[in-house]
Amino acid sequence: MINKVVATAEEAVADIPDGASLAVGGFGLCGIPVSLIDALHQAGTSELETVSNNCGVDDWGLGILLRDGRIRRTISSYVGENKEFARQYLAGELEVVLTPQGTLAEKLRAGGAGIPAFYTKAGVGTQVSEGGLPQKYDADGGIAVASAPKEVRTFAGVDYVLEEALTPDFGLVHAWKGDRHGNLVFHATAMNFNPLCAMAGRITIAEVEELVEPGELDPEHIHTPGIFVQRVVLAASAEKRIEKRTVALTAPSGLPANQSGSAPAGPYQNAANQNAANQDVTTPQAGA
């Protein structure tokens, strides 16, 4: 079997050219291939088309490529939490193809499975199927590029819209564990979109938190087999962030409060105190 390990993230992304299309794993800020994105940013690669659930935040993940004008077009499902994204889109600097989340996931899965297109009920009767969604504005705020109508077909009396699969040039993913043959294991929420992006990319590059030898991973626990992965790089110290920290300082509704109006002493109060003490601490999540 081929040893797919490369020494550095910089080496792993060195042949990604300007204008390439990238499927990038992650959900919110969980499971983001930060090391690979940072290496791509340092390489100066530009005019990229990204396929991802979201486009990072202003100073992290895909957001750093977006901030420096490296992304020309993105196919995404959720584009909140990024002010620069909104500014570029409304200013006509960025083309955005908004796609229902489940449809986006299936477009990637279908691409990896060799299925060129599929029918889905999601979007029927809306601009998703009828066309006219603004994908890019001009400098005056007019619509420069609008989505085209899609084929709608009836099966058993129900309308479905035809969606084409996605097979980007490269897939960038973050895994919890991987071996030298490219077999990958993801952890918890990092399962969202990472396995699909790994399948869809024509060349898939995986950064892993822990690199093990072939045979150490339980075959029944492998989420993405090595046949979908061409390169593996160790990223043991990759930064992890929490998108939004929610802190409960009062008892849940319906619980009695003490005379000061706060939660009584006990597990809820202890948890609230601990959360309050940790408000300014970013706690890494294993495998995130």
# chains A, B, ... in the order shown; residues from 1 in each chain; ligands from 1

$ residues_around --residues "Glu47 (chain A)" --least-positions-apart "5" --cutoff "6 Å" --atoms "only C-alpha atoms" --output "ChimeraX atom specification"
/A:18-19,70-72

$ write_last_selection --atoms "all heavy atoms" --output "compact mmCIF listing (two decimals), in the first residue's frame"
# COMPACT_ATOMS: atom_id res chain seq x y z
N ASP A 18 -4.09 28.55 -8.74
CA ASP A 18 -5.09 29.61 -8.78
C ASP A 18 -6.29 29.12 -9.58
O ASP A 18 -6.13 28.43 -10.60
CB ASP A 18 -4.52 30.86 -9.44
CG ASP A 18 -3.44 31.53 -8.61
OD1 ASP A 18 -3.31 31.20 -7.42
OD2 ASP A 18 -2.71 32.39 -9.17
N GLY A 19 -7.48 29.47 -9.12
CA GLY A 19 -8.69 29.10 -9.84
C GLY A 19 -9.23 27.72 -9.52
O GLY A 19 -10.25 27.31 -10.08
N ARG A 70 -9.20 36.09 -1.86
CA ARG A 70 -8.71 34.89 -2.55
C ARG A 70 -9.85 34.02 -3.09
O ARG A 70 -9.60 33.10 -3.87
CB ARG A 70 -7.85 34.07 -1.60
CG ARG A 70 -6.74 34.85 -0.92
CD ARG A 70 -5.56 35.09 -1.83
NE ARG A 70 -4.49 35.77 -1.11
CZ ARG A 70 -3.65 35.16 -0.29
NH1 ARG A 70 -3.74 33.86 -0.10
NH2 ARG A 70 -2.72 35.85 0.33
N ILE A 71 -11.08 34.26 -2.63
CA ILE A 71 -12.22 33.44 -3.05
C ILE A 71 -13.10 34.25 -4.00
O ILE A 71 -13.55 35.34 -3.67
CB ILE A 71 -13.06 32.97 -1.84
CG1 ILE A 71 -12.20 32.12 -0.91
CG2 ILE A 71 -14.29 32.19 -2.29
CD1 ILE A 71 -12.91 31.71 0.38
N ARG A 72 -13.31 33.72 -5.19
CA ARG A 72 -14.15 34.43 -6.17
C ARG A 72 -15.59 33.93 -6.18
O ARG A 72 -16.51 34.65 -6.53
CB ARG A 72 -13.57 34.28 -7.58
CG ARG A 72 -13.55 32.85 -8.10
CD ARG A 72 -13.18 32.75 -9.57
NE ARG A 72 -13.19 31.36 -10.01
CZ ARG A 72 -14.28 30.70 -10.38
NH1 ARG A 72 -15.45 31.32 -10.37
NH2 ARG A 72 -14.20 29.43 -10.76

$ select_by_dssp --residues "region 172-217 of chain A" --states "strand (DSSP E)" --output "MDAnalysis selection string"
chainID A and resid 172:179 184:185 203:212

$ write_last_selection --atoms "N, CA, C and O atoms" --output "compact mmCIF listing (two decimals), in the first residue's frame"
# COMPACT_ATOMS: atom_id res chain seq x y z
N LEU A 172 -10.40 19.30 1.14
CA LEU A 172 -9.58 19.59 2.32
C LEU A 172 -10.39 19.20 3.54
O LEU A 172 -11.48 19.75 3.76
N VAL A 173 -9.89 18.27 4.36
CA VAL A 173 -10.67 17.78 5.49
C VAL A 173 -9.80 17.69 6.75
O VAL A 173 -8.57 17.64 6.68
N HIS A 174 -10.49 17.68 7.90
CA HIS A 174 -9.83 17.54 9.20
C HIS A 174 -10.39 16.30 9.88
O HIS A 174 -11.59 16.15 10.06
N ALA A 175 -9.50 15.39 10.27
CA ALA A 175 -9.92 14.14 10.92
C ALA A 175 -9.27 14.03 12.30
O ALA A 175 -8.22 14.62 12.57
N TRP A 176 -9.90 13.25 13.15
CA TRP A 176 -9.37 12.99 14.48
C TRP A 176 -8.15 12.06 14.40
O TRP A 176 -7.09 12.35 14.93
N LYS A 177 -8.32 10.95 13.68
CA LYS A 177 -7.23 10.00 13.50
C LYS A 177 -7.13 9.59 12.04
O LYS A 177 -8.11 9.58 11.31
N GLY A 178 -5.93 9.25 11.63
CA GLY A 178 -5.74 8.74 10.29
C GLY A 178 -4.49 7.88 10.26
O GLY A 178 -3.59 8.03 11.09
N ASP A 179 -4.43 6.95 9.30
CA ASP A 179 -3.22 6.15 9.16
C ASP A 179 -2.51 6.51 7.86
O ASP A 179 -2.97 7.34 7.08
N LEU A 184 -9.51 7.28 7.57
CA LEU A 184 -9.79 8.39 8.48
C LEU A 184 -10.91 8.06 9.46
O LEU A 184 -11.88 7.38 9.12
N VAL A 185 -10.77 8.61 10.67
CA VAL A 185 -11.82 8.55 11.70
C VAL A 185 -12.10 9.97 12.14
O VAL A 185 -11.18 10.72 12.49
N ILE A 203 -8.79 15.17 -5.67
CA ILE A 203 -7.59 14.93 -4.85
C ILE A 203 -7.95 15.39 -3.44
O ILE A 203 -8.26 16.57 -3.24
N THR A 204 -7.93 14.48 -2.49
CA THR A 204 -8.31 14.83 -1.13
C THR A 204 -7.09 14.84 -0.22
O THR A 204 -6.29 13.91 -0.22
N ILE A 205 -6.99 15.92 0.56
CA ILE A 205 -5.89 16.11 1.50
C ILE A 205 -6.48 16.15 2.90
O ILE A 205 -7.37 16.96 3.17
N ALA A 206 -6.00 15.29 3.77
CA ALA A 206 -6.53 15.20 5.13
C ALA A 206 -5.48 15.61 6.14
O ALA A 206 -4.36 15.09 6.13
N GLU A 207 -5.83 16.56 7.00
CA GLU A 207 -5.00 16.83 8.17
C GLU A 207 -5.58 16.02 9.33
O GLU A 207 -6.80 15.94 9.49
N VAL A 208 -4.72 15.39 10.12
CA VAL A 208 -5.18 14.52 11.19
C VAL A 208 -4.54 14.93 12.51
O VAL A 208 -3.38 15.36 12.55
N GLU A 209 -5.30 14.80 13.59
CA GLU A 209 -4.77 15.13 14.91
C GLU A 209 -3.83 14.05 15.42
O GLU A 209 -2.92 14.32 16.19
N GLU A 210 -4.09 12.82 15.02
CA GLU A 210 -3.26 11.71 15.46
C GLU A 210 -2.99 10.79 14.28
O GLU A 210 -3.92 10.34 13.61
N LEU A 211 -1.72 10.54 14.00
CA LEU A 211 -1.32 9.67 12.89
C LEU A 211 -0.90 8.32 13.45
O LEU A 211 -0.03 8.25 14.33
N VAL A 212 -1.53 7.26 12.96
CA VAL A 212 -1.23 5.92 13.46
C VAL A 212 -0.76 5.04 12.30
O VAL A 212 -0.87 5.41 11.13

$ select_by_dssp --residues "region 159-251 of chain A" --states "helix (DSSP H, G or I)" --output "VMD selection string"
chain A and resid 188 to 191 194 to 200 219 to 221 226 to 228

$ write_last_selection --atoms "N, CA and C atoms" --output "JSON list (two decimals), in the first residue's frame"
[["chain", "number", "residue", "atom", "x", "y", "z"],
["A", 188, "ALA", "N", -17.35, 13.12, 16.52],
["A", 188, "ALA", "CA", -18.54, 13.90, 16.86],
["A", 188, "ALA", "C", -18.97, 14.82, 15.70],
["A", 189, "THR", "N", -19.16, 16.10, 15.99],
["A", 189, "THR", "CA", -19.70, 17.03, 14.98],
["A", 189, "THR", "C", -18.79, 17.22, 13.78],
["A", 190, "ALA", "N", -17.52, 16.88, 13.93],
["A", 190, "ALA", "CA", -16.61, 16.96, 12.78],
["A", 190, "ALA", "C", -16.99, 15.98, 11.68],
["A", 191, "MET", "N", -17.91, 15.06, 11.99],
["A", 191, "MET", "CA", -18.44, 14.17, 10.96],
["A", 191, "MET", "C", -19.24, 14.93, 9.91],
["A", 194, "ASN", "N", -17.17, 16.64, 6.56],
["A", 194, "ASN", "CA", -15.81, 16.17, 6.29],
["A", 194, "ASN", "C", -15.79, 14.88, 5.47],
["A", 195, "PRO", "N", -16.53, 13.83, 5.85],
["A", 195, "PRO", "CA", -16.52, 12.61, 5.03],
["A", 195, "PRO", "C", -17.02, 12.85, 3.61],
["A", 196, "LEU", "N", -18.00, 13.75, 3.46],
["A", 196, "LEU", "CA", -18.57, 14.03, 2.14],
["A", 196, "LEU", "C", -17.57, 14.78, 1.26],
["A", 197, "CYS", "N", -16.87, 15.75, 1.86],
["A", 197, "CYS", "CA", -15.85, 16.48, 1.10],
["A", 197, "CYS", "C", -14.69, 15.57, 0.72],
["A", 198, "ALA", "N", -14.36, 14.64, 1.62],
["A", 198, "ALA", "CA", -13.29, 13.69, 1.31],
["A", 198, "ALA", "C", -13.67, 12.82, 0.12],
["A", 199, "MET", "N", -14.94, 12.41, 0.04],
["A", 199, "MET", "CA", -15.40, 11.60, -1.08],
["A", 199, "MET", "C", -15.41, 12.38, -2.39],
["A", 200, "ALA", "N", -15.85, 13.65, -2.31],
["A", 200, "ALA", "CA", -16.12, 14.40, -3.53],
["A", 200, "ALA", "C", -14.87, 14.93, -4.22],
["A", 219, "PRO", "N", -11.22, -1.52, 11.68],
["A", 219, "PRO", "CA", -11.90, -1.36, 10.38],
["A", 219, "PRO", "C", -13.36, -0.97, 10.50],
["A", 220, "GLU", "N", -14.04, -1.42, 11.56],
["A", 220, "GLU", "CA", -15.44, -1.10, 11.74],
["A", 220, "GLU", "C", -15.67, 0.35, 12.15],
["A", 221, "HIS", "N", -14.61, 1.03, 12.57],
["A", 221, "HIS", "CA", -14.74, 2.41, 13.03],
["A", 221, "HIS", "C", -14.20, 3.42, 12.04],
["A", 226, "GLY", "N", -9.29, 4.81, 2.83],
["A", 226, "GLY", "CA", -8.17, 5.47, 2.19],
["A", 226, "GLY", "C", -8.28, 5.62, 0.69],
["A", 227, "ILE", "N", -9.18, 4.89, 0.05],
["A", 227, "ILE", "CA", -9.33, 5.01, -1.40],
["A", 227, "ILE", "C", -9.74, 6.42, -1.81],
["A", 228, "PHE", "N", -10.38, 7.17, -0.88],
["A", 228, "PHE", "CA", -10.82, 8.53, -1.18],
["A", 228, "PHE", "C", -9.76, 9.58, -0.86]]

$ residues_around --residues "Asn54 (chain A)" --least-positions-apart "2" --cutoff "10 Å" --atoms "only C-alpha atoms" --output "VMD selection string"
chain A and resid 24 to 29 50 to 52 56 to 57 61 to 63 74 to 82 101

$ write_last_selection --atoms "N, CA and C atoms" --output "short mmCIF file (atom, residue, chain, number, x, y, z; two decimals), in the first residue's frame"
data_model
loop_
_atom_site.label_atom_id
_atom_site.label_comp_id
_atom_site.auth_asym_id
_atom_site.auth_seq_id
_atom_site.Cartn_x
_atom_site.Cartn_y
_atom_site.Cartn_z
N VAL A 24 -14.40 21.92 1.24
CA VAL A 24 -13.75 22.14 2.53
C VAL A 24 -14.68 21.66 3.64
N GLY A 25 -14.21 20.71 4.45
CA GLY A 25 -15.02 20.13 5.49
C GLY A 25 -15.20 21.04 6.69
N GLY A 26 -16.10 20.61 7.57
CA GLY A 26 -16.34 21.36 8.79
C GLY A 26 -17.77 21.84 8.88
N PHE A 27 -18.17 22.17 10.11
CA PHE A 27 -19.53 22.61 10.39
C PHE A 27 -19.45 23.69 11.46
N GLY A 28 -19.79 24.95 11.08
CA GLY A 28 -19.51 26.05 11.98
C GLY A 28 -18.01 26.18 12.10
N LEU A 29 -17.49 26.11 13.32
CA LEU A 29 -16.05 26.14 13.53
C LEU A 29 -15.52 24.78 13.95
N THR A 50 -14.94 27.78 -3.54
CA THR A 50 -15.04 26.91 -2.38
C THR A 50 -16.44 26.31 -2.29
N VAL A 51 -16.47 25.06 -1.86
CA VAL A 51 -17.73 24.36 -1.57
C VAL A 51 -17.66 23.98 -0.11
N SER A 52 -18.50 24.59 0.71
CA SER A 52 -18.45 24.33 2.14
C SER A 52 -19.78 24.71 2.76
N GLY A 56 -16.41 30.15 7.15
CA GLY A 56 -15.59 30.59 8.26
C GLY A 56 -16.12 31.84 8.93
N VAL A 57 -15.30 32.44 9.77
CA VAL A 57 -15.62 33.73 10.37
C VAL A 57 -14.56 34.72 9.89
N GLY A 61 -10.43 30.20 9.66
CA GLY A 61 -10.95 29.27 8.66
C GLY A 61 -10.93 29.89 7.27
N LEU A 62 -11.92 29.57 6.47
CA LEU A 62 -11.99 30.14 5.13
C LEU A 62 -12.10 31.66 5.15
N GLY A 63 -12.47 32.21 6.30
CA GLY A 63 -12.60 33.66 6.41
C GLY A 63 -11.31 34.41 6.12
N THR A 74 -18.37 30.95 -4.07
CA THR A 74 -18.56 29.94 -3.04
C THR A 74 -19.94 29.30 -3.16
N ILE A 75 -19.98 28.01 -2.95
CA ILE A 75 -21.23 27.26 -2.91
C ILE A 75 -21.42 26.85 -1.45
N SER A 76 -22.40 27.42 -0.80
CA SER A 76 -22.55 27.26 0.65
C SER A 76 -24.00 27.14 1.04
N SER A 77 -24.19 26.71 2.28
CA SER A 77 -25.53 26.57 2.83
C SER A 77 -25.82 27.66 3.86
N TYR A 78 -24.86 27.90 4.76
CA TYR A 78 -25.05 28.88 5.82
C TYR A 78 -23.93 29.90 5.74
N VAL A 79 -24.28 31.17 5.59
CA VAL A 79 -23.25 32.18 5.37
C VAL A 79 -23.29 33.28 6.42
N GLY A 80 -23.87 32.99 7.60
CA GLY A 80 -23.88 33.96 8.67
C GLY A 80 -22.55 34.02 9.39
N GLU A 81 -22.44 34.87 10.39
CA GLU A 81 -21.28 35.01 11.27
C GLU A 81 -20.06 35.61 10.57
N ASN A 82 -20.23 36.18 9.38
CA ASN A 82 -19.07 36.70 8.66
C ASN A 82 -19.45 38.02 7.99
N GLN A 101 -29.07 22.97 2.83
CA GLN A 101 -28.00 22.22 3.50
C GLN A 101 -28.00 20.74 3.15
#

$ closest_residue --among "A:Leu40, A:Leu162, A:Leu133, A:Ala9" --to "Lys121 (chain A)" --atoms "only C-alpha atoms"
A:Leu162

$ decode --residues "region 23-34 of chain A" --atoms "N, CA, C and O atoms" --output "mmCIF file, in the first residue's frame"
data_model
loop_
_atom_site.group_PDB
_atom_site.id
_atom_site.type_symbol
_atom_site.label_atom_id
_atom_site.label_comp_id
_atom_site.auth_asym_id
_atom_site.auth_seq_id
_atom_site.Cartn_x
_atom_site.Cartn_y
_atom_site.Cartn_z
ATOM 1 N N ALA A 23 -13.514 21.519 -2.004
ATOM 2 C CA ALA A 23 -14.534 21.099 -1.051
ATOM 3 C C ALA A 23 -13.870 21.124 0.320
ATOM 4 O O ALA A 23 -12.877 20.432 0.547
ATOM 5 N N VAL A 24 -14.399 21.924 1.237
ATOM 6 C CA VAL A 24 -13.754 22.138 2.532
ATOM 7 C C VAL A 24 -14.678 21.663 3.644
ATOM 8 O O VAL A 24 -15.807 22.145 3.782
ATOM 9 N N GLY A 25 -14.210 20.714 4.447
ATOM 10 C CA GLY A 25 -15.022 20.127 5.493
ATOM 11 C C GLY A 25 -15.203 21.038 6.689
ATOM 12 O O GLY A 25 -14.558 22.073 6.828
ATOM 13 N N GLY A 26 -16.098 20.615 7.568
ATOM 14 C CA GLY A 26 -16.345 21.358 8.795
ATOM 15 C C GLY A 26 -17.775 21.843 8.884
ATOM 16 O O GLY A 26 -18.514 21.896 7.896
ATOM 17 N N PHE A 27 -18.168 22.172 10.113
ATOM 18 C CA PHE A 27 -19.534 22.609 10.394
ATOM 19 C C PHE A 27 -19.449 23.691 11.456
ATOM 20 O O PHE A 27 -19.031 23.434 12.579
ATOM 21 N N GLY A 28 -19.791 24.946 11.078
ATOM 22 C CA GLY A 28 -19.512 26.049 11.982
ATOM 23 C C GLY A 28 -18.008 26.179 12.096
ATOM 24 O O GLY A 28 -17.297 26.300 11.106
ATOM 25 N N LEU A 29 -17.493 26.112 13.321
ATOM 26 C CA LEU A 29 -16.047 26.136 13.525
ATOM 27 C C LEU A 29 -15.522 24.780 13.950
ATOM 28 O O LEU A 29 -14.390 24.658 14.407
ATOM 29 N N CYS A 30 -16.328 23.742 13.808
ATOM 30 C CA CYS A 30 -15.937 22.399 14.234
ATOM 31 C C CYS A 30 -15.452 21.591 13.037
ATOM 32 O O CYS A 30 -16.112 21.540 11.998
ATOM 33 N N GLY A 31 -14.280 20.961 13.188
ATOM 34 C CA GLY A 31 -13.769 20.108 12.123
ATOM 35 C C GLY A 31 -13.219 20.864 10.934
ATOM 36 O O GLY A 31 -13.203 20.338 9.817
ATOM 37 N N ILE A 32 -12.763 22.088 11.144
ATOM 38 C CA ILE A 32 -12.227 22.896 10.054
ATOM 39 C C ILE A 32 -10.759 22.502 9.795
ATOM 40 O O ILE A 32 -9.961 22.420 10.734
ATOM 41 N N PRO A 33 -10.370 22.272 8.544
ATOM 42 C CA PRO A 33 -8.959 21.958 8.239
ATOM 43 C C PRO A 33 -8.100 23.215 8.264
ATOM 44 O O PRO A 33 -7.611 23.694 7.237
ATOM 45 N N VAL A 34 -7.909 23.748 9.456
ATOM 46 C CA VAL A 34 -7.271 25.052 9.630
ATOM 47 C C VAL A 34 -5.830 25.065 9.122
ATOM 48 O O VAL A 34 -5.391 26.028 8.480
#
